[in-house]
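Visitor: Below is a structure I'd like to ask you about.
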Amino acid sequence: MKFTRKTFVAAGSAFAIAALVTACGGSGQVGQSNDSGGQPAQNNKKLTLIPGVQAEPFYISMQCGAEAEAKKLGYELNTSAPQKFDAAMQTEKVNALGSAPPAGLLIAPTDDTAMLAPIQQVKNRGTKIVEVDTALKDTGVAVSSISSNNTEGGKLAAQTLAKLVGDKPGSVLVLDTIAGTSTTNARAKGFEDELKNFPNLKSAGVQFTQNEPDQAASKVTAALASTPDLVGIFATNLNTGEGAATGLRNAGKIGQVNLVGFDASPSEVEGLRKGEYQGLIAQDPASIGQQGVQQAVAALEGKPVQRNITAALHSITKDNMDANQQYFYKQQC
């Protein structure tokens, strides 16, 4: 629900409105707006996490890490996730914070440009903004940005795939999500750049799937028909990976074309164990959520804040997966 802030509200009325919003289940945040920009109340211990999409193990793992750290530091964290990785849907979640903004907002922008205006509006109300996983092009909005080095992740994926393929020559397809998604676009670029270091491998190009598994499956089906020497596929996230595995399964090419995915969701880990994937590049989303809360709280309490933080990445294959179980993503906290 979106609320309209009056030009001037007396302190007592503002408190009553904030209490009413909370009681009615509006945004679930306790705050206070005023005529100087809607600053959250000084004793506001509310944080909000708006991830890229709901029910995705990467973001669930991030939420688990953030919730645990918030509780440890004496704050309460509420999560509000869009149904799809979509800027319009995420904007609705941001706008729903209304005139009772949280003290801190942890957000994974679904578009590095389109999400600028709604996030800026929340910042203008006094909320501290921390970017988790993805980031805006405008670096002046967030106090801190925590993410994996996605370019390096793409390079690690190329190195992993090259090791799996060996000396065999052939083409490699990259499946990306949506143009304008900072993380996956960086992974694709890092992969393409690193692939040039392996003369037996050539790029079959980058194709966008709109983060839909069925589109990824269709792209793989088409690539298998048009590129007979296809020896590898790099899928830049969970949905593209699952779609790519489906496309290979439908074509009877499981194990014949090496599939390297990004992330380590339960379905991807099971796929690696069964031989549907040959490699995974795992992030550490719980650590990203944990550090996101730490930076938000530091900013709120006037302590030093680190503007950019890089989380670790890990190359996982069937041979080393049992030794890397701590990096497998969760389905629930």
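Every chain in the structure tokens takes a letter, A first, then B, and so on in the order presented; its residues are numbered from 1, and the ligands are numbered from 1 following the presented order.
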Could you pull the residues within 12 Å of Ala217 of chain A, counting only C-alpha atoms, minus those fewer than 5 positions along the same chain, as an NGL selection string?

Guide: :A and (175 or 207-212 or 222-224 or 233 or 235 or 239-251)

Visitor: Could you give me, as a ChimeraX atom specification, the residues within 10 Å of segment 132-142 of chain A, counting only C-alpha atoms and dropping anything in the same chain fewer than 2 positions from it?

Guide: /A:49-52,58-59,62,105-116,119-120,123-124,127-130,144-150,180-184,283,285,288-293,296,307-311

Visitor: Let's see if you can do this: from backbone DSSP, list all strand (DSSP E or B) residues in segment 97-152 of chain A, as a list of chain:residue names.

Guide: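 Those residues are A:Gly104, A:Leu105, A:Leu106, A:Ile107, A:Lys128, A:Ile129, A:Val130, A:Glu131, A:Val132, A:Ser144, A:Ser145, A:Ile146, A:Ser147, A:Ser148.
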
Visitor: Would you list, as a PyMOL selection string, the residues of segment 13-262 of chain A that end up in helix (DSSP H, G or I) under DSSP run on this structure's backbone?

Guide: chain A and resi 13-23+57-72+87-95+116-124+150-165+182-195+213-226+238-250

Visitor: Mind checking which residues fall within 12 Å of segment 192-197 of chain A, counting only C-alpha atoms, ignoring those fewer than 6 positions away in the same chain, and posting them as an MDAnalysis selection string?

Guide: chainID A and resid 151:163 170:176 185:186 203:206 232:234 236
